[in-house]
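Structure file coords_31.txt (compact mmCIF, C-alpha atoms) follows.
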```txt
# COMPACT_ATOMS: atom_id res chain seq x y z
CA MET F 247 -16.86 -14.80 6.51
CA ARG F 248 -17.36 -11.29 5.17
CA LYS F 249 -16.07 -10.75 1.67
CA SER F 250 -13.64 -7.99 0.84
CA ILE F 251 -13.71 -5.20 -1.74
CA ALA F 252 -10.78 -3.14 -3.04
CA ILE F 253 -12.02 0.32 -4.02
CA ASP F 254 -9.85 2.63 -6.11
CA MET F 255 -9.43 6.32 -5.26
CA ASP F 256 -8.84 8.43 -8.40
CA GLY F 257 -11.76 8.20 -10.79
CA VAL F 258 -13.86 6.16 -8.34
CA ILE F 259 -14.18 7.89 -4.98
CA ALA F 260 -12.17 10.99 -5.99
CA ASP F 261 -13.30 12.95 -9.05
CA GLU F 262 -9.90 13.32 -10.68
CA VAL F 263 -11.36 14.40 -14.04
CA VAL F 264 -13.03 17.45 -12.55
CA GLN F 265 -9.85 18.24 -10.60
CA LEU F 266 -7.58 17.94 -13.64
CA LEU F 267 -9.84 20.01 -15.88
CA THR F 268 -10.25 22.68 -13.19
CA TYR F 269 -6.47 22.97 -12.73
CA TYR F 270 -5.94 22.83 -16.49
CA GLU F 271 -8.28 25.75 -17.11
CA LYS F 272 -6.70 27.71 -14.28
CA HIS F 273 -3.11 27.22 -15.43
CA TYR F 274 -3.46 26.81 -19.22
CA GLY F 275 -6.50 29.03 -19.77
CA ILE F 276 -8.38 26.40 -21.77
CA LYS F 277 -11.76 25.08 -20.71
CA ILE F 278 -12.56 21.45 -21.52
CA HIS F 279 -15.90 19.88 -20.64
CA PRO F 280 -15.66 16.35 -19.18
CA ASP F 281 -18.02 15.06 -21.92
CA GLU F 282 -15.42 15.99 -24.57
CA LEU F 283 -13.02 13.37 -23.15
CA SER F 284 -15.22 10.35 -23.89
CA GLY F 285 -13.17 7.63 -25.56
CA ARG F 286 -9.83 9.41 -25.26
CA SER F 287 -6.85 7.67 -23.66
CA GLU F 288 -5.51 9.19 -20.47
CA GLU F 289 -2.40 10.30 -22.35
CA ASN F 290 -4.56 12.42 -24.63
CA VAL F 291 -6.79 14.20 -22.14
CA VAL F 292 -5.07 17.48 -22.96
CA PRO F 293 -2.62 18.27 -25.79
CA GLU F 294 0.32 18.98 -23.46
CA LYS F 295 1.82 15.59 -22.56
CA ASP F 296 3.46 16.93 -19.41
CA ALA F 297 0.37 18.76 -18.11
CA TYR F 298 -0.74 16.09 -15.63
CA GLY F 299 2.74 15.78 -14.14
CA LYS F 300 3.06 19.54 -13.76
CA LEU F 301 -0.44 20.16 -12.42
CA SER F 302 -0.50 17.21 -10.00
CA ALA F 303 2.84 18.36 -8.59
CA ILE F 304 1.28 21.62 -7.41
CA PRO F 305 1.01 21.38 -3.62
CA GLY F 306 -2.53 20.51 -2.62
CA TYR F 307 -3.59 19.03 -5.95
CA PHE F 308 -4.52 15.62 -4.54
CA ARG F 309 -5.64 17.06 -1.20
CA SER F 310 -8.29 19.27 -2.84
CA THR F 311 -9.75 16.79 -5.32
CA PRO F 312 -13.55 16.73 -5.12
CA VAL F 313 -15.30 13.65 -3.85
CA MET F 314 -17.07 11.56 -6.49
CA GLU F 315 -20.83 12.05 -6.29
CA GLY F 316 -22.48 9.46 -4.07
CA ALA F 317 -19.20 7.85 -3.00
CA VAL F 318 -19.31 8.60 0.73
CA ASP F 319 -22.78 7.18 1.35
CA ALA F 320 -22.17 4.22 -0.97
CA VAL F 321 -18.91 3.22 0.74
CA LYS F 322 -20.63 3.48 4.14
CA LYS F 323 -23.43 1.26 2.83
CA LEU F 324 -20.96 -1.31 1.43
CA MET F 325 -19.14 -1.41 4.78
CA GLU F 326 -22.30 -2.81 6.38
CA SER F 327 -21.85 -6.06 4.45
CA PHE F 328 -18.23 -6.12 3.24
CA ASP F 329 -14.69 -5.48 4.41
CA VAL F 330 -13.83 -2.40 2.37
CA TYR F 331 -10.26 -1.50 1.45
CA ILE F 332 -9.24 1.69 -0.30
CA VAL F 333 -6.48 0.76 -2.74
CA SER F 334 -4.69 3.55 -4.58
CA ALA F 335 -1.82 3.18 -7.04
CA ALA F 336 -0.25 6.23 -5.39
CA MET F 337 3.37 5.12 -5.31
CA GLN F 338 4.20 6.68 -8.69
CA TYR F 339 3.60 10.10 -7.14
CA PRO F 340 5.32 10.02 -3.73
CA HIS F 341 4.13 13.51 -2.84
CA SER F 342 0.54 12.31 -3.21
CA LEU F 343 0.79 9.86 -0.29
CA SER F 344 0.34 12.26 2.61
CA GLN F 345 -2.24 14.31 0.66
CA LYS F 346 -4.28 11.20 -0.08
CA LEU F 347 -4.17 10.10 3.56
CA GLU F 348 -5.36 13.53 4.67
CA TRP F 349 -8.05 13.51 1.99
CA LEU F 350 -9.34 10.15 3.21
CA GLY F 351 -9.22 11.41 6.80
CA GLU F 352 -11.43 14.35 5.87
CA HIS F 353 -13.94 12.73 3.53
CA PHE F 354 -13.89 9.09 4.68
CA PRO F 355 -13.00 9.34 8.38
CA PHE F 356 -14.87 6.10 9.03
CA ILE F 357 -12.23 4.12 7.12
CA SER F 358 -9.51 2.79 9.42
CA TRP F 359 -5.79 3.05 8.58
CA ARG F 360 -5.91 -0.75 8.60
CA ASN F 361 -8.01 -0.63 5.43
CA ILE F 362 -5.89 1.74 3.34
CA ILE F 363 -3.37 0.50 0.78
CA PHE F 364 -1.03 2.62 -1.32
CA CYS F 365 0.68 0.56 -3.96
CA GLY F 366 2.27 0.56 -7.37
CA ASP F 367 0.68 -2.05 -9.57
CA LYS F 368 -2.38 -3.76 -8.14
CA SER F 369 -1.66 -7.30 -9.30
CA ILE F 370 -1.00 -8.53 -5.76
CA ILE F 371 -4.32 -7.34 -4.32
CA GLY F 372 -6.20 -10.43 -3.19
CA THR F 373 -9.64 -9.12 -2.24
CA ASP F 374 -12.85 -10.80 -3.44
CA TYR F 375 -14.01 -7.76 -5.45
CA MET F 376 -12.33 -4.82 -7.13
CA ILE F 377 -14.03 -1.56 -8.12
CA ASP F 378 -11.71 0.41 -10.39
CA ASP F 379 -11.85 2.52 -13.52
CA HIS F 380 -8.63 1.14 -15.08
CA ILE F 381 -8.73 -2.04 -17.11
CA LYS F 382 -4.97 -2.45 -16.45
CA ASN F 383 -5.92 -3.05 -12.80
CA LEU F 384 -9.09 -5.05 -13.45
CA ASP F 385 -7.66 -7.35 -16.14
CA HIS F 386 -5.16 -9.06 -13.81
CA PHE F 387 -7.48 -9.27 -10.84
CA LYS F 388 -8.50 -12.78 -9.77
CA GLY F 389 -11.83 -11.89 -8.11
CA LYS F 390 -14.99 -10.24 -9.42
CA THR F 391 -14.60 -6.85 -11.05
CA ILE F 392 -16.71 -3.73 -11.42
CA MET F 393 -15.44 -1.18 -13.95
CA PHE F 394 -16.38 2.30 -12.75
CA ASN F 395 -17.30 4.39 -15.75
CA ALA F 396 -14.58 6.75 -17.00
CA PHE F 397 -13.82 8.50 -20.29
CA HIS F 398 -10.88 6.16 -20.94
CA ASN F 399 -12.87 2.93 -20.50
CA VAL F 400 -16.06 3.69 -22.48
CA ASN F 401 -15.00 1.42 -25.33
CA HIS F 402 -14.16 -1.57 -23.12
CA THR F 403 -16.90 -4.08 -22.45
CA HIS F 404 -15.13 -7.04 -20.85
CA HIS F 405 -15.84 -5.94 -17.26
CA GLN F 406 -19.17 -5.26 -15.57
CA ARG F 407 -19.68 -1.50 -15.91
CA ALA F 408 -21.15 0.75 -13.22
CA ASN F 409 -21.97 4.26 -14.40
CA ASN F 410 -22.19 5.70 -10.91
CA TRP F 411 -22.27 4.73 -7.25
CA ASP F 412 -25.98 3.89 -7.31
CA GLU F 413 -25.26 1.24 -9.92
CA VAL F 414 -22.37 -0.10 -7.83
CA LEU F 415 -24.75 -0.56 -4.90
CA GLU F 416 -27.30 -2.31 -7.14
CA LEU F 417 -24.65 -4.73 -8.39
CA MET F 418 -23.17 -5.40 -4.95
CA ALA F 419 -26.62 -5.90 -3.39
CA LYS F 420 -26.78 -9.14 -5.43
CA GLU F 421 -23.51 -10.34 -3.84
CA VAL F 422 -24.57 -10.09 -0.19
CA MET K 94 4.62 -17.45 -14.80
CA ARG K 95 6.98 -16.05 -12.19
CA LYS K 96 5.77 -16.38 -8.63
CA SER K 97 5.52 -13.40 -6.34
CA ILE K 98 6.91 -12.71 -2.86
CA ALA K 99 5.76 -10.08 -0.36
CA ILE K 100 8.72 -9.02 1.78
CA ASP K 101 8.17 -7.04 4.98
CA MET K 102 10.29 -4.00 5.87
CA ASP K 103 10.67 -3.58 9.64
CA GLY K 104 12.39 -6.56 11.19
CA VAL K 105 13.08 -8.19 7.81
CA ILE K 106 14.97 -5.83 5.49
CA ALA K 107 15.20 -2.98 8.04
CA ASP K 108 16.80 -3.71 11.42
CA GLU K 109 14.19 -2.02 13.58
CA VAL K 110 15.44 -3.67 16.79
CA VAL K 111 18.87 -2.08 16.47
CA GLN K 112 17.24 1.26 15.62
CA LEU K 113 14.84 1.19 18.56
CA LEU K 114 17.50 0.16 21.07
CA THR K 115 19.93 2.79 19.73
CA TYR K 116 17.31 5.54 20.05
CA TYR K 117 16.23 4.18 23.45
CA GLU K 118 19.74 4.34 24.86
CA LYS K 119 20.24 7.83 23.45
CA HIS K 120 17.00 9.28 24.84
CA TYR K 121 16.39 7.19 27.97
CA GLY K 122 20.03 6.48 28.93
CA ILE K 123 19.49 2.75 29.29
CA LYS K 124 21.40 0.21 27.19
CA ILE K 125 19.59 -3.00 26.26
CA HIS K 126 21.30 -5.76 24.28
CA PRO K 127 19.13 -7.30 21.51
CA ASP K 128 19.68 -10.75 23.03
CA GLU K 129 17.86 -9.66 26.19
CA LEU K 130 14.62 -9.27 24.22
CA SER K 131 14.27 -12.93 23.22
CA GLY K 132 10.73 -14.14 23.90
CA ARG K 133 9.33 -10.75 24.92
CA SER K 134 6.25 -9.34 23.28
CA GLU K 135 6.69 -6.14 21.28
CA GLU K 136 4.72 -4.26 23.93
CA ASN K 137 7.34 -5.20 26.51
CA VAL K 138 10.54 -4.37 24.67
CA VAL K 139 11.19 -1.50 27.08
CA PRO K 140 9.35 -0.65 30.34
CA GLU K 141 7.94 2.64 29.04
CA LYS K 142 4.80 1.76 27.05
CA ASP K 143 4.92 5.00 25.10
CA ALA K 144 8.60 4.80 24.19
CA TYR K 145 8.17 3.43 20.67
CA GLY K 146 5.55 6.04 19.79
CA LYS K 147 7.74 8.85 21.09
CA LEU K 148 11.02 7.64 19.58
CA SER K 149 9.59 6.71 16.17
CA ALA K 150 7.98 10.16 15.95
CA ILE K 151 11.41 11.81 16.03
CA PRO K 152 12.05 13.10 12.49
CA GLY K 153 14.37 10.72 10.64
CA TYR K 154 13.71 7.68 12.83
CA PHE K 155 12.52 5.48 9.96
CA ARG K 156 14.80 7.13 7.42
CA SER K 157 17.95 6.20 9.38
CA THR K 158 17.09 2.61 10.31
CA PRO K 159 20.01 0.29 9.50
CA VAL K 160 19.59 -2.30 6.76
CA MET K 161 19.20 -5.89 7.95
CA GLU K 162 22.42 -7.83 7.37
CA GLY K 163 22.41 -9.61 4.02
CA ALA K 164 19.06 -8.17 2.91
CA VAL K 165 20.22 -6.16 -0.12
CA ASP K 166 22.08 -9.01 -1.82
CA ALA K 167 19.39 -11.53 -0.92
CA VAL K 168 16.56 -9.42 -2.35
CA LYS K 169 18.58 -8.89 -5.53
CA LYS K 170 19.09 -12.65 -5.76
CA LEU K 171 15.38 -13.37 -5.22
CA MET K 172 14.46 -10.88 -7.95
CA GLU K 173 16.26 -13.09 -10.47
CA SER K 174 13.55 -15.74 -10.06
CA PHE K 175 10.57 -14.04 -8.41
CA ASP K 176 8.46 -10.89 -8.62
CA VAL K 177 9.43 -9.22 -5.36
CA TYR K 178 7.10 -6.77 -3.59
CA ILE K 179 8.05 -4.79 -0.50
CA VAL K 180 4.98 -4.71 1.71
CA SER K 181 5.07 -2.55 4.82
CA ALA K 182 2.25 -2.05 7.33
CA ALA K 183 3.23 1.61 7.41
CA MET K 184 -0.22 3.21 7.45
CA GLN K 185 -0.42 3.29 11.25
CA TYR K 186 2.43 5.82 11.24
CA PRO K 187 1.62 8.32 8.45
CA HIS K 188 4.87 10.23 8.95
CA SER K 189 6.78 7.03 8.18
CA LEU K 190 5.51 6.83 4.58
CA SER K 191 7.84 9.34 2.95
CA GLN K 192 10.77 8.24 5.13
CA LYS K 193 10.26 4.63 4.15
CA LEU K 194 10.07 5.52 0.46
CA GLU K 195 13.32 7.49 0.73
CA TRP K 196 14.94 4.65 2.67
CA LEU K 197 14.00 2.17 -0.06
CA GLY K 198 15.27 4.57 -2.69
CA GLU K 199 18.66 4.72 -0.97
CA HIS K 200 19.17 1.10 0.01
CA PHE K 201 17.04 -0.76 -2.55
CA PRO K 202 17.10 1.54 -5.59
CA PHE K 203 16.62 -1.48 -7.85
CA ILE K 204 13.06 -1.94 -6.57
CA SER K 205 10.50 -0.13 -8.73
CA TRP K 206 7.71 2.01 -7.27
CA ARG K 207 5.42 -0.54 -8.94
CA ASN K 208 6.58 -3.11 -6.39
CA ILE K 209 6.12 -1.12 -3.18
CA ILE K 210 2.99 -1.43 -1.03
CA PHE K 211 2.21 0.52 2.11
CA CYS K 212 -0.82 -0.88 3.88
CA GLY K 213 -2.57 -1.34 7.20
CA ASP K 214 -3.34 -4.96 7.76
CA LYS K 215 -1.86 -7.40 5.27
CA SER K 216 -4.80 -9.75 4.92
CA ILE K 217 -5.54 -8.65 1.36
CA ILE K 218 -2.03 -9.33 0.02
CA GLY K 219 -2.32 -12.04 -2.60
CA THR K 220 1.29 -12.95 -3.43
CA ASP K 221 2.47 -16.57 -3.59
CA TYR K 222 4.93 -16.16 -0.69
CA MET K 223 5.21 -13.89 2.32
CA ILE K 224 8.40 -13.26 4.30
CA ASP K 225 7.51 -11.48 7.54
CA ASP K 226 8.43 -11.50 11.22
CA HIS K 227 4.87 -11.07 12.53
CA ILE K 228 2.62 -14.06 12.98
CA LYS K 229 -0.38 -11.69 12.82
CA ASN K 230 0.53 -11.12 9.16
CA LEU K 231 1.59 -14.69 8.37
CA ASP K 232 -1.37 -16.44 10.03
CA HIS K 233 -3.98 -15.01 7.64
CA PHE K 234 -1.86 -15.36 4.51
CA LYS K 235 -3.12 -17.82 1.89
CA GLY K 236 0.25 -18.62 0.27
CA LYS K 237 3.51 -20.08 1.63
CA THR K 238 5.06 -18.32 4.60
CA ILE K 239 8.56 -17.75 5.90
CA MET K 240 8.79 -16.35 9.43
CA PHE K 241 11.86 -14.16 9.69
CA ASN K 242 13.40 -14.65 13.12
CA ALA K 243 12.62 -11.93 15.66
CA PHE K 244 12.60 -11.73 19.48
CA HIS K 245 8.80 -11.69 19.53
CA ASN K 246 8.35 -14.85 17.45
CA VAL K 247 10.94 -17.21 19.01
CA ASN K 248 8.24 -19.24 20.75
CA HIS K 249 6.10 -19.70 17.65
CA THR K 250 6.71 -22.77 15.53
CA HIS K 251 3.76 -22.92 13.13
CA HIS K 252 5.56 -21.12 10.29
CA GLN K 253 8.80 -22.04 8.54
CA ARG K 254 11.49 -20.06 10.38
CA ALA K 255 14.46 -18.38 8.69
CA ASN K 256 17.07 -17.09 11.11
CA ASN K 257 18.71 -14.80 8.57
CA TRP K 258 18.76 -13.93 4.88
CA ASP K 259 21.06 -16.85 3.98
CA GLU K 260 18.43 -19.22 5.29
CA VAL K 261 15.71 -17.40 3.32
CA LEU K 262 17.72 -17.95 0.14
CA GLU K 263 18.20 -21.63 0.97
CA LEU K 264 14.45 -22.08 1.49
CA MET K 265 13.46 -20.13 -1.62
CA ALA K 266 16.02 -21.97 -3.77
CA LYS K 267 13.80 -25.05 -3.38
CA GLU K 268 10.80 -23.10 -4.77
CA VAL K 269 12.35 -22.05 -8.09
```
Starting from the coordinates I provided, produce the structure as structure tokens.
Amino acid sequence: MRKSIAIDMDGVIADEVVQLLTYYEKHYGIKIHPDELSGRSEENVVPEKDAYGKLSAIPGYFRSTPVMEGAVDAVKKLMESFDVYIVSAAMQYPHSLSQKLEWLGEHFPFISWRNIIFCGDKSIIGTDYMIDDHIKNLDHFKGKTIMFNAFHNVNHTHHQRANNWDEVLELMAKEV
Amino acid sequence: MRKSIAIDMDGVIADEVVQLLTYYEKHYGIKIHPDELSGRSEENVVPEKDAYGKLSAIPGYFRSTPVMEGAVDAVKKLMESFDVYIVSAAMQYPHSLSQKLEWLGEHFPFISWRNIIFCGDKSIIGTDYMIDDHIKNLDHFKGKTIMFNAFHNVNHTHHQRANNWDEVLELMAKEV
């Protein structure tokens, strides 16, 4: 039986850091380089605590997020050997749901609606593997985990890290 | 540790049969009593194969679906002993997502966004229990199942049947 993988959206197949910093510069006039964020918590990405809420509420924020480098080809490759599910903790931002569906339809049109999950917490996801950047999602997962590199997880070492999609493919090639 | 339950929306906490037959009578002029459906497949609820697609696409269809009798109090009761997740295979009908979220907000405001899942197929749901009317969802589930009575499942006997929410509570009382 083919094994299943839950793949996160923001920070894994969608480059939310680039999107947030682009919107932040545009609306707050301050340029931050992604490298400056290393080791910060998500709450401290920018000084204004309400910035993410305000910026992500702008119509089209989620819809126009850039694709993470290498994600499209890597997900296609994984689908040759695994059942791939896109699992996004989107429920906290109800207006993101339709944008995220449209985004997937544009950039990952080869993923069926059957394989898309929008949820709140991810503790009830029962796939064999999970690829996610958040330790809060990975820590409670019962299967094998891959922690996709992100500024907020650089100091955590208790999950297998992948720095990019090439490294994900290398790790998953051993699981086929 | 508290055990978790995945509870379906349509046909379990939302009375989709009443909604479909109400809309059908209004738009096609033909009255069908719910009892007439017993044993039919979902594809044969009404003669027109495209009726469900057309009717459910009318704005507000999902938003105005009546609540299943007894569901609100029963879900509240279950939440005293279990982690309850509402799991709806809503992804096939993208326009239903926001309506379903609003519907939950009105009728089940005590359910957190953390506990809502909109998905395609339910095979990756890893809760301890699943309450659902569709054998296609229950058959692949790894935990304990309760089949909520529906016209399309009356001839299936390989899951524990509950005819209504009182019977669900009786069955789940034994699991606490």
Point to revise | Proximal residues of chain F relative to chain K (all atoms listed in the file; 8 Å) as a count of residues only | key: 19
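What separates CA of Ala303 (chain F) from CA of Asn410 (chain F) is a distance of 28.1 Å.
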For region 161-171 of chain K, I'd like the enclosing box, axis-aligned and padded by 4 Å on every side, reported as JSON with centre and edge lengths in Å to one decimal.
```
{"center_x": 18.9, "center_y": -9.6, "center_z": 1.1, "size_x": 15.0, "size_y": 15.5, "size_z": 21.7}
```
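For chain F placed onto chain K with an all-Cα least-squares superposition, the residual RMSD comes to 0.0 Å.
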Check your understanding: Do you know which residues are at most 12 Å from Ala297 (chain F) counting all atoms listed in the file, after dropping those on the same chain fewer than 3 positions away, and could you put them as a VMD selection string?
Key -> chain F and resid 266 to 267 269 to 271 273 to 274 288 to 294 300 to 304
Review point. Leaving out Lys390 (chain F) and any residue of its chain fewer than 5 positions from it, which residues lie within 12 Å of it when counting all atoms listed in the file, given as a count of residues only?
Key: 20
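Atom pair CA of Gly306 (chain F) / CA of Asn409 (chain F) has a distance of 27.9 Å (rounded to one decimal).
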**Study point:** CA of Ala255 (chain K) to CA of Ala243 (chain K), straight-line distance in Å
**Key:**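 Atom-to-atom, CA of Ala243 (chain K) to CA of Ala255 (chain K), that is 9.7 Å.
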Determine, counting only C-alpha atoms, every residue of protein, DNA or RNA that lies within 7 Å of (5.0, -10.7, 19.1) in the file coordinates, then give the result as a short mmCIF file (atom, residue, chain, number, x, y, z; two decimals) with C-alpha atoms, keeping the file's coordinate frame.
```cif
data_model
loop_
_atom_site.label_atom_id
_atom_site.label_comp_id
_atom_site.auth_asym_id
_atom_site.auth_seq_id
_atom_site.Cartn_x
_atom_site.Cartn_y
_atom_site.Cartn_z
CA SER K 134 6.25 -9.34 23.28
CA GLU K 135 6.69 -6.14 21.28
CA HIS K 227 4.87 -11.07 12.53
CA HIS K 245 8.80 -11.69 19.53
CA ASN K 246 8.35 -14.85 17.45
#
```
**Study point:** Pick from K:Ile228, K:Ile204, K:Met102, K:Ile125 nearest to Val247 (chain K), counting only C-alpha atoms
**Key:**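 Result for the nearest residue to Val247 (chain K): K:Ile228.
Ranking F:Asp256, F:Glu282, F:Asp319, F:Asp379 by their shortest atom-to-atom distance to His353 (chain F), with all atoms listed in the file included, puts F:Asp319 first.
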Point to revise | Contact residues around Ala167 (chain K) with only C-alpha atoms at 10 Å, ignoring same-chain residues under 2 positions, as a list in words | key: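 Those residues are Ile106, Glu162, Gly163, Ala164, Val165, Lys169, Lys170, Leu171, Met172, Trp258, Asp259, Glu260, Val261 and Leu262 of chain K.
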Check your understanding: Residues at most 12 Å from Met94 (chain K), counting all atoms listed in the file, excluding those fewer than 5 positions away in the same chain, as a list in words?
Key -> Ser174, Phe175, Asp176, Asp221 and Val269 of chain K
